[in-house]
file final.txt (compact mmCIF, C-alpha atoms)
# COMPACT_ATOMS: atom_id res chain seq x y z
CA MET U 1 -24.86 25.75 7.48
CA VAL U 2 -23.59 24.54 10.87
CA MET U 3 -23.55 20.79 11.53
CA ASN U 4 -26.19 19.45 13.90
CA LYS U 5 -24.39 18.44 17.09
CA ASP U 6 -26.88 15.65 17.81
CA ILE U 7 -25.93 14.01 14.50
CA ILE U 8 -22.27 14.13 15.53
CA LYS U 9 -23.17 12.49 18.86
CA GLN U 10 -25.02 9.72 17.01
CA CYS U 11 -21.97 9.09 14.85
CA ILE U 12 -19.69 8.94 17.90
CA LYS U 13 -21.96 6.53 19.79
CA ASP U 14 -22.61 4.28 16.79
CA LYS U 15 -18.89 3.98 16.11
CA ARG U 16 -18.14 3.04 19.70
CA ASP U 17 -20.76 0.30 19.60
CA GLU U 18 -19.37 -0.99 16.29
CA ILE U 19 -15.78 -1.16 17.56
CA LEU U 20 -16.79 -3.07 20.68
CA SER U 21 -18.34 -5.75 18.46
CA LEU U 22 -15.33 -6.18 16.16
CA ASP U 23 -13.05 -9.19 15.92
CA VAL U 24 -9.80 -7.62 14.70
CA VAL U 25 -6.90 -9.58 13.20
CA LYS U 26 -3.94 -7.82 14.77
CA ARG U 27 -1.07 -6.63 12.61
CA PRO U 28 2.50 -6.72 13.98
CA PHE U 29 2.83 -3.04 14.77
CA VAL U 30 4.06 -1.54 18.04
CA PHE U 31 2.41 1.76 18.99
CA GLU U 32 4.44 4.24 21.00
CA GLU U 33 2.42 5.31 23.98
CA ARG U 34 2.67 9.09 23.62
CA ALA U 35 3.03 9.43 19.87
CA ASN U 36 0.54 10.89 17.40
CA TYR U 37 0.07 8.96 14.16
CA VAL U 38 -1.03 9.47 10.57
CA PHE U 39 -1.70 6.25 8.63
CA VAL U 40 -1.98 6.62 4.86
CA GLY U 41 -2.61 4.16 2.05
CA LEU U 42 -5.01 2.69 -0.47
CA ARG U 43 -8.71 2.49 0.35
CA ARG U 44 -9.48 -0.76 2.26
CA VAL U 45 -5.80 -1.48 2.84
CA GLY U 46 -6.48 -1.78 6.57
CA LYS U 47 -5.91 1.74 7.90
CA SER U 48 -9.19 1.79 9.84
CA TYR U 49 -8.37 -1.57 11.37
CA MET U 50 -5.07 -0.16 12.59
CA LEU U 51 -7.15 2.37 14.52
CA TYR U 52 -9.52 -0.35 15.76
CA GLN U 53 -6.54 -2.41 16.85
CA ARG U 54 -5.21 0.52 18.86
CA VAL U 55 -8.60 1.26 20.45
CA LEU U 56 -9.01 -2.36 21.57
CA GLN U 57 -5.45 -2.34 22.88
CA LEU U 58 -6.17 0.79 24.92
CA LEU U 59 -9.35 -0.79 26.30
CA GLU U 60 -7.32 -3.81 27.41
CA GLN U 61 -4.97 -1.39 29.20
CA GLY U 62 -7.88 0.04 31.18
CA VAL U 63 -8.90 3.08 29.12
CA LYS U 64 -12.68 3.54 29.27
CA ILE U 65 -14.63 3.49 26.01
CA ASN U 66 -16.13 6.88 26.91
CA ASN U 67 -12.61 8.32 26.76
CA ILE U 68 -12.27 7.24 23.13
CA LEU U 69 -13.40 9.74 20.49
CA PHE U 70 -13.61 7.96 17.12
CA VAL U 71 -15.05 9.69 14.05
CA ASN U 72 -15.29 8.20 10.55
CA PHE U 73 -15.45 11.06 8.06
CA GLU U 74 -16.85 8.74 5.39
CA ASP U 75 -20.05 8.44 7.41
CA GLU U 76 -22.66 9.95 5.10
CA ARG U 77 -24.20 11.81 8.04
CA LEU U 78 -21.00 13.91 8.14
CA SER U 79 -20.78 14.54 4.40
CA GLU U 80 -21.46 18.28 4.82
CA ILE U 81 -18.96 18.86 7.61
CA THR U 82 -16.33 21.58 7.08
CA HIS U 83 -13.24 22.61 9.01
CA ASN U 84 -15.36 25.27 10.72
CA ASP U 85 -17.44 22.46 12.27
CA LEU U 86 -14.58 20.31 13.52
CA ASN U 87 -14.52 21.78 17.01
CA LEU U 88 -18.17 20.69 17.37
CA ILE U 89 -16.87 17.12 17.49
CA LEU U 90 -14.87 17.93 20.60
CA GLU U 91 -17.81 19.79 22.12
CA ALA U 92 -20.13 16.86 21.39
CA HIS U 93 -17.77 14.44 23.10
CA TYR U 94 -17.47 16.56 26.24
CA GLU U 95 -21.25 17.03 26.41
CA MET U 96 -21.68 13.25 26.22
CA ASN U 97 -18.92 12.27 28.66
CA GLY U 98 -17.85 15.22 30.79
CA SER U 99 -14.64 17.21 30.60
CA GLU U 100 -12.52 15.63 33.35
CA ILE U 101 -10.31 13.62 30.97
CA LYS U 102 -9.05 14.50 27.52
CA PRO U 103 -10.24 11.89 25.02
CA ILE U 104 -7.87 9.88 22.86
CA ILE U 105 -8.86 10.95 19.35
CA PHE U 106 -9.22 8.81 16.22
CA PHE U 107 -10.09 10.52 12.91
CA ASP U 108 -10.68 8.09 10.03
CA GLU U 109 -10.39 9.33 6.39
CA ILE U 110 -10.08 12.93 7.53
CA GLN U 111 -8.79 14.09 4.14
CA ASN U 112 -12.47 14.53 3.20
CA VAL U 113 -12.41 17.76 5.22
CA GLU U 114 -10.35 20.60 3.77
CA HIS U 115 -7.89 22.31 6.15
CA TRP U 116 -8.19 19.40 8.60
CA ASP U 117 -4.49 19.69 9.42
CA LYS U 118 -4.78 23.01 11.22
CA PHE U 119 -7.44 21.63 13.58
CA VAL U 120 -5.44 18.48 14.25
CA ARG U 121 -2.29 20.53 14.88
CA ARG U 122 -4.17 22.63 17.43
CA LEU U 123 -5.26 19.48 19.25
CA ALA U 124 -1.70 18.15 19.24
CA ASP U 125 -0.46 21.44 20.66
CA ALA U 126 -3.09 21.08 23.38
CA LYS U 127 -1.55 17.68 24.28
CA TYR U 128 -4.30 15.48 22.90
CA THR U 129 -3.21 12.07 21.60
CA ILE U 130 -4.41 11.74 18.01
CA TYR U 131 -4.56 8.99 15.38
CA VAL U 132 -5.46 9.93 11.79
CA THR U 133 -5.96 7.99 8.54
CA GLY U 134 -6.26 9.13 4.93
CA SER U 135 -6.28 7.68 1.43
CA ASN U 136 -4.84 10.50 -0.63
CA ALA U 137 -1.21 11.60 -0.84
CA LYS U 138 -2.31 15.24 -1.10
CA MET U 139 -2.99 15.13 2.61
CA LEU U 140 0.80 14.83 2.99
CA SER U 141 1.60 17.89 0.89
CA SER U 142 4.41 20.18 1.97
CA ASP U 143 1.89 22.62 3.44
CA VAL U 144 0.30 19.90 5.59
CA ALA U 145 3.69 18.54 6.65
CA THR U 146 4.68 22.05 7.73
CA THR U 147 1.46 22.43 9.71
CA LEU U 148 1.86 19.09 11.48
CA GLY U 149 5.35 20.26 12.35
CA GLY U 150 6.95 16.95 13.28
CA ARG U 151 4.31 16.18 15.87
CA PHE U 152 3.11 13.06 14.03
CA LEU U 153 4.65 9.80 12.91
CA ILE U 154 3.44 9.16 9.36
CA TYR U 155 3.18 5.56 8.17
CA ASP U 156 2.44 4.14 4.72
CA VAL U 157 0.14 1.13 5.17
CA TYR U 158 0.41 -1.80 2.75
CA PRO U 159 -1.81 -4.82 2.16
CA TYR U 160 -1.13 -7.92 4.23
CA THR U 161 2.30 -9.47 3.98
CA PHE U 162 2.10 -13.17 3.16
CA SER U 163 2.83 -13.97 6.82
CA GLU U 164 -0.05 -11.72 7.90
CA TYR U 165 -2.29 -13.31 5.29
CA LEU U 166 -1.51 -16.79 6.62
CA ASN U 167 -2.41 -15.58 10.10
CA ALA U 168 -5.67 -14.06 8.82
CA VAL U 169 -6.72 -17.37 7.20
CA SER U 170 -5.60 -19.35 10.29
CA VAL U 171 -2.64 -21.18 8.75
CA GLU U 172 -0.07 -21.77 11.51
CA LEU U 173 3.43 -22.87 10.60
CA SER U 174 6.32 -24.53 12.40
CA ASP U 175 9.92 -23.34 11.91
CA GLN U 176 10.57 -26.06 9.31
CA TRP U 177 7.24 -25.95 7.52
CA GLN U 178 8.84 -26.30 4.10
CA PHE U 179 9.83 -29.90 4.96
CA SER U 180 6.33 -30.93 6.03
CA THR U 181 4.08 -32.22 3.27
CA ILE U 182 0.90 -31.17 5.08
CA GLU U 183 2.11 -27.72 6.11
CA LYS U 184 3.66 -26.98 2.73
CA SER U 185 0.42 -27.92 0.95
CA LYS U 186 -1.50 -25.51 3.20
CA VAL U 187 0.98 -22.74 2.52
CA MET U 188 0.89 -23.23 -1.24
CA ALA U 189 -2.92 -23.34 -1.32
CA ALA U 190 -3.05 -20.08 0.63
CA PHE U 191 -0.35 -18.58 -1.56
CA GLU U 192 -2.27 -19.22 -4.77
CA THR U 193 -5.20 -17.21 -3.41
CA TYR U 194 -2.90 -14.47 -2.09
CA PHE U 195 -1.02 -14.39 -5.42
CA LYS U 196 -4.16 -13.99 -7.54
CA PHE U 197 -6.42 -11.95 -5.25
CA GLY U 198 -3.96 -9.92 -3.21
CA GLY U 199 -3.63 -9.07 0.45
CA LEU U 200 -6.29 -6.45 1.16
CA PRO U 201 -7.59 -7.48 4.60
CA GLU U 202 -11.26 -7.08 3.69
CA MET U 203 -10.95 -9.58 0.82
CA VAL U 204 -10.27 -12.48 3.20
CA GLN U 205 -13.95 -12.74 4.12
CA PHE U 206 -15.32 -12.83 0.56
CA LYS U 207 -15.84 -16.02 -1.40
CA ASN U 208 -16.34 -14.13 -4.67
CA LYS U 209 -13.13 -12.15 -4.34
CA ARG U 210 -12.99 -10.97 -7.94
CA SER U 211 -16.41 -9.35 -7.69
CA ALA U 212 -15.47 -7.67 -4.41
CA LEU U 213 -12.22 -6.40 -5.94
CA GLN U 214 -14.08 -5.02 -8.97
CA SER U 215 -16.44 -3.14 -6.67
CA LEU U 216 -13.52 -1.75 -4.67
CA TYR U 217 -11.65 -0.70 -7.81
CA GLN U 218 -14.69 1.20 -9.08
CA LYS U 219 -14.84 3.05 -5.77
CA ILE U 220 -11.14 3.95 -6.00
CA TYR U 221 -11.34 4.85 -9.69
CA LEU U 222 -14.56 6.85 -9.64
CA GLY U 223 -14.30 8.29 -6.13
CA ASP U 224 -10.68 8.59 -5.00
CA ILE U 225 -9.34 9.44 -8.45
CA CYS U 226 -11.96 10.88 -10.82
CA ALA U 227 -14.35 12.67 -8.44
CA ARG U 228 -11.68 13.90 -6.04
CA ASN U 229 -9.60 15.37 -8.87
CA ASN U 230 -12.55 16.64 -10.95
CA ILE U 231 -11.59 14.50 -13.94
CA ARG U 232 -14.10 15.06 -16.70
CA ASN U 233 -12.89 12.41 -19.13
CA SER U 234 -12.97 9.34 -16.89
CA LYS U 235 -12.63 7.10 -19.95
CA ILE U 236 -9.08 8.30 -20.61
CA MET U 237 -8.23 7.98 -16.92
CA GLY U 238 -9.44 4.38 -17.09
CA LEU U 239 -7.35 3.74 -20.19
CA VAL U 240 -4.23 5.10 -18.48
CA ILE U 241 -4.70 2.71 -15.56
CA LYS U 242 -5.42 -0.23 -17.86
CA LYS U 243 -2.32 0.39 -19.97
CA LEU U 244 -0.15 0.75 -16.87
CA ALA U 245 -1.44 -2.63 -15.71
CA GLU U 246 -0.64 -4.22 -19.06
CA SER U 247 2.87 -2.67 -18.96
CA VAL U 248 3.65 -3.51 -15.36
CA LYS U 249 6.96 -5.31 -16.04
CA GLN U 250 8.52 -2.80 -18.41
CA PRO U 251 9.75 0.80 -18.22
CA THR U 252 6.99 3.08 -19.40
CA SER U 253 7.14 6.69 -20.58
CA TYR U 254 4.38 9.28 -20.73
CA ASN U 255 4.83 9.38 -24.51
CA ARG U 256 4.29 5.65 -24.81
CA ILE U 257 1.03 5.79 -22.86
CA GLN U 258 -0.09 8.79 -24.92
CA ASN U 259 0.55 6.90 -28.16
CA ILE U 260 -1.34 3.83 -26.92
CA ILE U 261 -4.31 6.01 -26.00
CA LYS U 262 -4.22 7.66 -29.43
CA SER U 263 -4.30 4.21 -31.04
CA THR U 264 -7.66 3.59 -29.35
CA GLY U 265 -9.14 6.68 -31.03
CA ASN U 266 -8.86 8.93 -27.97
CA ASN U 267 -6.81 12.10 -27.61
CA ALA U 268 -4.67 12.99 -24.64
CA THR U 269 -1.63 15.23 -24.24
CA VAL U 270 1.56 14.11 -22.56
CA GLY U 271 0.72 16.56 -19.80
CA THR U 272 -2.66 14.94 -19.26
CA VAL U 273 -1.09 11.47 -19.13
CA SER U 274 1.47 12.70 -16.57
CA GLU U 275 -1.28 14.32 -14.50
CA TYR U 276 -3.48 11.22 -14.57
CA ILE U 277 -0.63 8.93 -13.56
CA ASN U 278 0.10 11.23 -10.63
CA HIS U 279 -3.54 11.00 -9.55
CA ALA U 280 -3.27 7.19 -9.55
CA ILE U 281 -0.09 7.43 -7.45
CA GLU U 282 -1.72 9.89 -5.04
CA SER U 283 -4.58 7.46 -4.44
CA TRP U 284 -2.01 4.75 -3.59
CA LEU U 285 -3.32 2.59 -6.46
CA ILE U 286 0.09 2.41 -8.15
CA MET U 287 3.67 3.14 -7.19
CA PRO U 288 6.60 4.13 -9.42
CA VAL U 289 10.07 2.59 -9.43
CA GLU U 290 12.88 4.55 -11.08
CA ASN U 291 15.84 3.47 -13.20
CA GLY U 292 18.84 3.83 -10.91
CA LEU U 293 21.17 4.29 -13.90
CA ALA U 294 19.15 6.94 -15.73
CA LYS U 295 19.85 10.66 -15.86
CA ILE U 296 17.66 12.85 -13.68
CA GLY U 297 15.35 13.93 -16.52
CA GLU U 298 14.75 10.39 -17.70
CA ARG U 299 14.17 9.16 -14.15
CA GLU U 300 11.12 11.37 -13.99
CA SER U 301 9.65 10.56 -17.39
CA VAL U 302 10.42 6.81 -17.72
CA LYS U 303 9.57 4.52 -14.83
CA LYS U 304 8.15 1.14 -14.00
CA TYR U 305 4.72 1.28 -12.39
CA TYR U 306 3.47 -1.40 -10.02
CA PHE U 307 0.07 -1.87 -8.40
CA ILE U 308 -0.10 -1.77 -4.62
CA ASP U 309 -2.16 -4.99 -4.60
CA ASN U 310 -2.00 -8.06 -6.83
CA GLY U 311 -5.76 -8.55 -6.67
CA ILE U 312 -6.51 -5.20 -8.28
CA LEU U 313 -3.78 -5.68 -10.90
CA ASN U 314 -5.21 -9.09 -11.78
CA LEU U 315 -8.55 -7.48 -12.73
CA PHE U 316 -6.88 -6.09 -15.87
CA LEU U 317 -4.82 -9.04 -17.03
CA PHE U 318 -5.19 -12.22 -19.03
CA ASP U 319 -2.47 -14.86 -18.61
CA SER U 320 -1.25 -12.80 -15.68
CA ASP U 321 1.18 -15.00 -13.73
CA THR U 322 4.48 -13.42 -14.83
CA SER U 323 3.20 -9.88 -14.20
CA LEU U 324 1.72 -10.82 -10.82
CA LEU U 325 5.01 -12.37 -9.72
CA GLU U 326 7.09 -9.29 -10.49
CA ASN U 327 4.42 -7.00 -9.01
CA LEU U 328 4.37 -8.96 -5.76
CA VAL U 329 8.16 -8.83 -5.49
CA ALA U 330 8.13 -5.06 -6.14
CA VAL U 331 5.55 -4.36 -3.44
CA THR U 332 7.34 -6.60 -0.94
CA LEU U 333 10.67 -4.85 -1.53
CA CYS U 334 9.15 -1.37 -1.30
CA ARG U 335 7.39 -2.31 1.92
CA LYS U 336 10.58 -3.58 3.51
CA TYR U 337 13.10 -1.01 2.31
CA GLY U 338 10.96 2.03 1.43
CA ARG U 339 10.00 3.04 -2.11
CA GLU U 340 12.85 5.51 -2.49
CA ASN U 341 15.37 2.70 -1.86
CA VAL U 342 14.15 0.30 -4.57
CA VAL U 343 15.22 0.84 -8.19
CA TYR U 344 15.60 -1.12 -11.39
CA LEU U 345 18.76 -0.89 -13.50
CA LYS U 346 18.65 -0.52 -17.28
CA SER U 347 21.65 0.34 -19.41
CA ASN U 348 23.77 -2.27 -21.15
CA ILE U 349 22.11 -4.86 -18.95
CA GLU U 350 18.76 -4.94 -17.18
CA ILE U 351 18.30 -5.83 -13.52
CA ASP U 352 14.71 -6.04 -12.32
CA PHE U 353 15.43 -4.71 -8.81
CA TYR U 354 18.45 -3.36 -6.99
CA ILE U 355 18.63 -2.57 -3.25
CA GLU U 356 21.72 -0.43 -2.76
CA GLN U 357 21.75 -0.62 1.03
CA GLU U 358 21.92 -4.42 0.78
CA ASN U 359 23.97 -4.45 -2.45
CA THR U 360 21.44 -6.97 -3.74
CA ALA U 361 20.45 -7.51 -7.37
CA ILE U 362 17.23 -9.44 -8.04
CA GLN U 363 15.86 -10.92 -11.22
CA VAL U 364 12.25 -12.12 -11.32
CA SER U 365 11.38 -14.99 -13.63
CA TYR U 366 8.34 -17.22 -13.42
CA SER U 367 10.54 -20.14 -14.50
CA ILE U 368 14.16 -20.56 -15.61
CA SER U 369 13.65 -24.06 -16.98
CA ASP U 370 13.85 -22.65 -20.51
CA ILE U 371 17.53 -22.46 -21.52
CA ASP U 372 17.30 -19.04 -23.16
CA THR U 373 15.51 -17.53 -20.17
CA ARG U 374 17.98 -19.11 -17.76
CA GLU U 375 21.00 -17.76 -19.64
CA ARG U 376 19.49 -14.26 -19.97
CA GLU U 377 18.76 -13.91 -16.25
CA ILE U 378 22.07 -15.43 -15.12
CA ASN U 379 24.22 -13.44 -17.56
CA ALA U 380 22.67 -10.14 -16.47
CA LEU U 381 23.49 -10.94 -12.83
CA LEU U 382 27.04 -12.03 -13.65
CA GLN U 383 27.72 -8.84 -15.61
CA PHE U 384 26.36 -6.84 -12.70
CA ALA U 385 28.54 -8.77 -10.22
CA LYS U 386 31.71 -7.97 -12.19
CA LYS U 387 31.21 -4.25 -11.49
CA ASN U 388 29.76 -4.63 -7.98
CA LYS U 389 32.03 -6.68 -5.76
CA GLY U 390 30.35 -8.62 -3.00
CA ALA U 391 26.87 -8.19 -4.48
CA LYS U 392 24.16 -10.63 -3.46
CA LEU U 393 22.57 -12.19 -6.54
CA MET U 394 19.10 -13.69 -6.60
CA ILE U 395 16.49 -15.02 -9.01
CA ILE U 396 12.97 -15.22 -7.61
CA THR U 397 10.80 -17.81 -9.35
CA LYS U 398 7.32 -19.19 -8.88
CA ASP U 399 8.37 -22.68 -7.74
CA GLU U 400 12.02 -23.42 -8.58
CA GLN U 401 14.88 -23.54 -6.08
CA ASP U 402 18.62 -23.90 -6.55
CA GLU U 403 22.04 -22.59 -5.54
CA LEU U 404 24.27 -21.77 -8.51
CA VAL U 405 27.99 -21.00 -8.39
CA ILE U 406 29.31 -19.57 -11.67
CA ASP U 407 32.74 -17.94 -12.02
CA LYS U 408 32.91 -17.86 -8.21
CA HIS U 409 29.63 -15.90 -8.02
CA LYS U 410 26.79 -17.44 -6.03
CA ILE U 411 23.25 -17.01 -7.36
CA SER U 412 20.33 -18.04 -5.17
CA VAL U 413 17.26 -19.30 -7.03
CA VAL U 414 14.36 -18.93 -4.61
CA PRO U 415 10.64 -19.83 -4.88
CA VAL U 416 8.55 -16.78 -4.13
CA ALA U 417 6.42 -18.27 -1.32
CA TYR U 418 9.55 -19.22 0.63
CA TRP U 419 11.17 -15.85 -0.10
CA LEU U 420 8.12 -14.02 1.24
CA GLN U 421 8.30 -16.00 4.48
CA THR U 422 11.97 -15.19 4.97
CA MET U 423 11.70 -11.48 4.19
CA LYS U 424 10.07 -10.53 7.51
CA SER U 425 8.61 -7.52 5.73
CA LYS U 426 7.03 -4.68 7.64
CA ASP U 427 3.30 -4.24 7.24
CA MET U 428 3.84 -0.49 6.90
CA VAL U 429 6.71 1.91 6.40
CA LEU U 430 7.55 5.15 8.18
CA ILE U 431 7.47 8.01 5.68
CA LYS U 432 10.43 10.29 6.29

call {"tool": "encode", "arguments": {"input": "final.txt", "output": "structure tokens"}}
result
Amino acid sequence: MVMNKDIIKQCIKDKRDEILSLDVVKRPFVFEERANYVFVGLRRVGKSYMLYQRVLQLLEQGVKINNILFVNFEDERLSEITHNDLNLILEAHYEMNGSEIKPIIFFDEIQNVEHWDKFVRRLADAKYTIYVTGSNAKMLSSDVATTLGGRFLIYDVYPYTFSEYLNAVSVELSDQWQFSTIEKSKVMAAFETYFKFGGLPEMVQFKNKRSALQSLYQKIYLGDICARNNIRNSKIMGLVIKKLAESVKQPTSYNRIQNIIKSTGNNATVGTVSEYINHAIESWLIMPVENGLAKIGERESVKKYYFIDNGILNLFLFDSDTSLLENLVAVTLCRKYGRENVVYLKSNIEIDFYIEQENTAIQVSYSISDIDTREREINALLQFAKKNKGAKLMIITKDEQDELVIDKHKISVVPVAYWLQTMKSKDMVLIK
């Protein structure tokens, strides 16, 4: 059945009208004028708003709205569209606006259409400028990457950084905000919300953030994971995600998750657990961090798993502060340095995070006021420093700050809100 072209025209016109009415909080991203882009990431992470931001920027530069072709493939009116119908979108645009100027094309959540990449590649070859979003890592498979053939810049979009979040909630800071009682109180109030409910842009507008997050998680879980991957036993998939959330600070193996599931009276093979974890990764719900000291085989089977957003992680946890702190640090590091460049170290000692390119070892501890905790975190860093000359040593805490010098090694104790402000993290990372 061929798509009705009039329906496509309705979708194009409705989307134009919607964009013109939007008030978009701009993210600090510089678009290259002649580049094609693919933005990927978790549902509601802000990919669509990256496209809106670019459209509004183009309009400010003098591009006419009729030269913008924006299609949202999650529009239910397009639910039956196939790759054979995609050229009808181009035909519909030209029938509506004439064929004198090539439109600038925006395709939102295009992974819903199989074989989309071949159509998009053809448009790129024909010198159209194209912007694409998607919320499943399968759209970046080796076959798709080969088809796109280096004609697109592919970016991994993350939730708001803390700086972006402050901007979204209209908290403006001076250079020395940490010394101002009023400014610091505003920052800490905003941080508590960001810490507990995450940085998904859409959540800023909701008063009942937990309810909104629960609704979003159900959409990701049932739609982006279970339905998209034809998972019949959604209960086990849900258990896998729940147990990963409860284990967020510790290395976790497939066998361990399998045994936990068995203890609940459910059966799952190690292969099923591995497959289900991969589905959660592909949906951008979670991200793995490897042990930089492990052998290759163990690196694959034993990892730490972090949630891309603190708000979603917090849905699963009781007494969650220590887990949320480490999760937030993990996401911030992966955003800044790229996931492949962030590892943990576990052998004779355990280091929560190591960034080789910066030779930086980081421990995360909610508080080091307890003597035993303080000694454990400091001793691990000192042992690391003995074998890694010139290493930067840091302990990130919830609220504590200090500068320690022990055996000529300097250890910075940094409160997380201040650390986030000094990181200057990217809001998205180029995928190589």

call {"tool": "atom_distance", "arguments": {"input": "final.txt", "atom1": "CA of Ala361 in chain U", "atom2": "CA of Asn341 in chain U"}}
result
12.7 Å

call {"tool": "atom_distance", "arguments": {"input": "final.txt", "atom1": "CA of Glu33 in chain U", "atom2": "CA of Lys336 in chain U"}}
result
23.8 Å

call {"tool": "atom_distance", "arguments": {"input": "final.txt", "atom1": "CA of Ser215 in chain U", "atom2": "CA of Ile312 in chain U"}}
result
10.3 Å

call {"tool": "closest_residue", "arguments": {"input": "final.txt", "among": "U:Ala168, U:Ile277, U:Ile7, U:Ala385", "to": "Phe307 in chain U", "atoms": "only C-alpha atoms"}}
result
U:Ile277

call {"tool": "closest_residue", "arguments": {"input": "final.txt", "among": "U:Trp284, U:Val343, U:Asn97, U:Asn208", "to": "Lys64 in chain U", "atoms": "only C-alpha atoms"}}
result
U:Asn97

call {"tool": "closest_residue", "arguments": {"input": "final.txt", "among": "U:Ile154, U:Ile261, U:Val413, U:Val329", "to": "Val240 in chain U", "atoms": "all atoms listed in the file"}}
result
U:Ile261

call {"tool": "residues_around", "arguments": {"input": "final.txt", "residues": "range 3-6 of chain U", "least_positions_apart": "3", "cutoff": "10 Å", "atoms": "only C-alpha atoms", "output": "JSON, numbers by chain"}}
result
{"U": [9, 10, 11, 12, 77, 78, 79, 80, 81, 82, 84, 85, 86, 88, 89, 91, 92, 93, 95]}

call {"tool": "closest_residue", "arguments": {"input": "final.txt", "among": "U:Leu56, U:Ile355, U:Ala137, U:Ile220", "to": "Asp23 in chain U", "atoms": "all atoms listed in the file"}}
result
U:Leu56

call {"tool": "closest_residue", "arguments": {"input": "final.txt", "among": "U:Met237, U:Leu325, U:Val273, U:Val157", "to": "Leu200 in chain U", "atoms": "only C-alpha atoms"}}
result
U:Val157

call {"tool": "closest_residue", "arguments": {"input": "final.txt", "among": "U:Val364, U:Leu213, U:Val187, U:Leu51", "to": "Asp321 in chain U", "atoms": "all atoms listed in the file"}}
result
U:Val364

call {"tool": "residues_around", "arguments": {"input": "final.txt", "residues": "range 402-406 of chain U", "least_positions_apart": "6", "cutoff": "12 Å", "atoms": "only C-alpha atoms", "output": "mmCIF file with C-alpha atoms, keeping the file's coordinate frame"}}
result
data_model
loop_
_atom_site.group_PDB
_atom_site.id
_atom_site.type_symbol
_atom_site.label_atom_id
_atom_site.label_comp_id
_atom_site.auth_asym_id
_atom_site.auth_seq_id
_atom_site.Cartn_x
_atom_site.Cartn_y
_atom_site.Cartn_z
ATOM 1 C CA SER U 367 10.540 -20.140 -14.500
ATOM 2 C CA ILE U 368 14.160 -20.560 -15.610
ATOM 3 C CA SER U 369 13.650 -24.060 -16.980
ATOM 4 C CA ARG U 374 17.980 -19.110 -17.760
ATOM 5 C CA GLU U 375 21.000 -17.760 -19.640
ATOM 6 C CA ILE U 378 22.070 -15.430 -15.120
ATOM 7 C CA ASN U 379 24.220 -13.440 -17.560
ATOM 8 C CA LEU U 381 23.490 -10.940 -12.830
ATOM 9 C CA LEU U 382 27.040 -12.030 -13.650
ATOM 10 C CA GLN U 383 27.720 -8.840 -15.610
ATOM 11 C CA ALA U 385 28.540 -8.770 -10.220
ATOM 12 C CA LYS U 386 31.710 -7.970 -12.190
ATOM 13 C CA LEU U 393 22.570 -12.190 -6.540
ATOM 14 C CA MET U 394 19.100 -13.690 -6.600
ATOM 15 C CA ILE U 395 16.490 -15.020 -9.010
ATOM 16 C CA ILE U 396 12.970 -15.220 -7.610
ATOM 17 C CA SER U 412 20.330 -18.040 -5.170
ATOM 18 C CA VAL U 413 17.260 -19.300 -7.030
ATOM 19 C CA VAL U 414 14.360 -18.930 -4.610
ATOM 20 C CA PRO U 415 10.640 -19.830 -4.880
#

call {"tool": "residues_around", "arguments": {"input": "final.txt", "residues": "range 191-196 of chain U", "least_positions_apart": "4", "cutoff": "9 Å", "atoms": "all atoms listed in the file", "output": "number ranges by chain"}}
result
U: 162, 165-166, 186-187, 310-311, 313-314, 320-321, 324-325, 328, 417

call {"tool": "build_atoms", "arguments": {"input": "final.txt", "residues": "range 221-230 of chain U", "atoms": "N, CA and C atoms", "output": "short mmCIF file (atom, residue, chain, number, x, y, z; two decimals), keeping the file's coordinate frame"}}
result
data_model
loop_
_atom_site.label_atom_id
_atom_site.label_comp_id
_atom_site.auth_asym_id
_atom_site.auth_seq_id
_atom_site.Cartn_x
_atom_site.Cartn_y
_atom_site.Cartn_z
N TYR U 221 -11.44 4.19 -8.39
CA TYR U 221 -11.34 4.85 -9.69
C TYR U 221 -12.30 6.03 -9.80
N LEU U 222 -13.56 5.79 -9.47
CA LEU U 222 -14.56 6.85 -9.64
C LEU U 222 -14.52 7.87 -8.50
N GLY U 223 -14.26 7.40 -7.28
CA GLY U 223 -14.30 8.29 -6.13
C GLY U 223 -12.96 8.92 -5.80
N ASP U 224 -11.97 8.07 -5.47
CA ASP U 224 -10.68 8.59 -5.00
C ASP U 224 -9.86 9.23 -6.11
N ILE U 225 -10.12 8.87 -7.35
CA ILE U 225 -9.34 9.44 -8.45
C ILE U 225 -10.16 10.45 -9.26
N CYS U 226 -11.23 9.99 -9.90
CA CYS U 226 -11.96 10.88 -10.82
C CYS U 226 -12.71 12.00 -10.10
N ALA U 227 -13.54 11.65 -9.12
CA ALA U 227 -14.35 12.67 -8.44
C ALA U 227 -13.47 13.62 -7.63
N ARG U 228 -12.51 13.07 -6.90
CA ARG U 228 -11.68 13.90 -6.04
C ARG U 228 -10.84 14.88 -6.83
N ASN U 229 -10.45 14.50 -8.05
CA ASN U 229 -9.60 15.37 -8.87
C ASN U 229 -10.36 16.06 -10.00
N ASN U 230 -11.69 15.98 -9.96
CA ASN U 230 -12.55 16.64 -10.95
C ASN U 230 -12.16 16.26 -12.39
#
